[in-house]
Amino acid sequence: MIAMECDNPNWAPIEAVGGPELCGEFMWMMRQSGIEFFKHICTRRYFLLDSKGRCYRQTAIGFEPADLETQLKRARGEGR
């Protein structure tokens with residue numbers, strides 16, 4: 001079983017990526033395996049960042065590095 005942490009939100013990664021304005025678009029949901037899960041308030045899609053601001057996407061076999069801009073657009077519901 002993978003431990004999930006649902007206390008002590010860490011806003012630093014998303015704030016480093018886009019400042020307080022970007023934080024206002026997301027809710028911090030949890031931390032799993034060192035990855036912070038941020039959920040967009042409108043689309044309900046997740047944006048995953050580690051403590052160094054690296055972006056990830058969740059797959060059937062775990063987390064894999066992902067392009068930050070692509071994942072941010074996906075979370076916002078922009079483009080395709």
# chains A, B, ... in the order shown; residues from 1 in each chain; ligands from 1
call {"tool": "residues_around", "arguments": {"residues": "Pro65 in chain A", "least_positions_apart": "4", "cutoff": "12 Å", "atoms": "only C-alpha atoms", "output": "list in words"}}
result
Ile35, Leu48, Leu49, Asp50, Gly53, Arg54, Cys55, Tyr56, Arg57, Gln58, Thr59, Thr70 and Gln71 of chain A
call {"tool": "select_by_dssp", "arguments": {"residues": "range 2-75 of chain A", "states": "strand (DSSP E)", "output": "number ranges by chain"}}
result
A: 4-5, 26-32, 35-40, 46-50, 55-59, 62-65
call {"tool": "atom_distance", "arguments": {"atom1": "CA of Gly18 in chain A", "atom2": "CA of Met4 in chain A"}}
result
24.9 Å
call {"tool": "closest_residue", "arguments": {"among": "A:Asp67, A:Ala16, A:Arg44, A:Asn8", "to": "Arg31 in chain A", "atoms": "only C-alpha atoms"}}
result
A:Asn8
call {"tool": "residues_around", "arguments": {"residues": "Cys23 in chain A", "least_positions_apart": "3", "cutoff": "12 Å", "atoms": "only C-alpha atoms", "output": "PDB file with C-alpha atoms, in the first residue's frame"}}
result
ATOM      1  CA  PRO A   9      -0.066  21.278   2.263  1.00  0.00           C
ATOM      2  CA  ASN A  10       3.062  22.219   0.355  1.00  0.00           C
ATOM      3  CA  TRP A  11       2.313  25.140  -1.968  1.00  0.00           C
ATOM      4  CA  ALA A  12       5.980  25.900  -2.705  1.00  0.00           C
ATOM      5  CA  PRO A  13       6.265  23.854  -5.940  1.00  0.00           C
ATOM      6  CA  ILE A  14       3.229  25.383  -7.655  1.00  0.00           C
ATOM      7  CA  GLU A  15       4.046  28.857  -6.362  1.00  0.00           C
ATOM      8  CA  ALA A  16       7.565  28.539  -7.808  1.00  0.00           C
ATOM      9  CA  VAL A  17       6.077  27.552 -11.178  1.00  0.00           C
ATOM     10  CA  GLY A  18       3.470  30.310 -11.461  1.00  0.00           C
ATOM     11  CA  GLY A  19       3.316  32.468  -8.356  1.00  0.00           C
ATOM     12  CA  PRO A  20       0.308  33.143  -6.152  1.00  0.00           C
ATOM     13  CA  PHE A  26      -5.742  24.942  -7.657  1.00  0.00           C
ATOM     14  CA  MET A  27      -6.493  23.091  -4.444  1.00  0.00           C
ATOM     15  CA  TRP A  28      -3.797  21.085  -2.723  1.00  0.00           C
ATOM     16  CA  PHE A  38      -2.951  19.898  -7.030  1.00  0.00           C
ATOM     17  CA  LYS A  39      -6.517  19.807  -8.407  1.00  0.00           C
ATOM     18  CA  HIS A  40      -7.746  22.577 -10.699  1.00  0.00           C
ATOM     19  CA  ILE A  41     -10.828  24.233  -9.212  1.00  0.00           C
ATOM     20  CA  PHE A  47      -1.370  18.877 -11.834  1.00  0.00           C
TER      21      PHE A  47
END
call {"tool": "closest_residue", "arguments": {"among": "A:Asp7, A:Leu68, A:Glu78, A:Ser51", "to": "Gly34 in chain A", "atoms": "only C-alpha atoms"}}
result
A:Ser51
call {"tool": "closest_residue", "arguments": {"among": "A:Lys52, A:Phe63, A:Glu25, A:Glu36", "to": "Ala75 in chain A", "atoms": "only C-alpha atoms"}}
result
A:Glu25
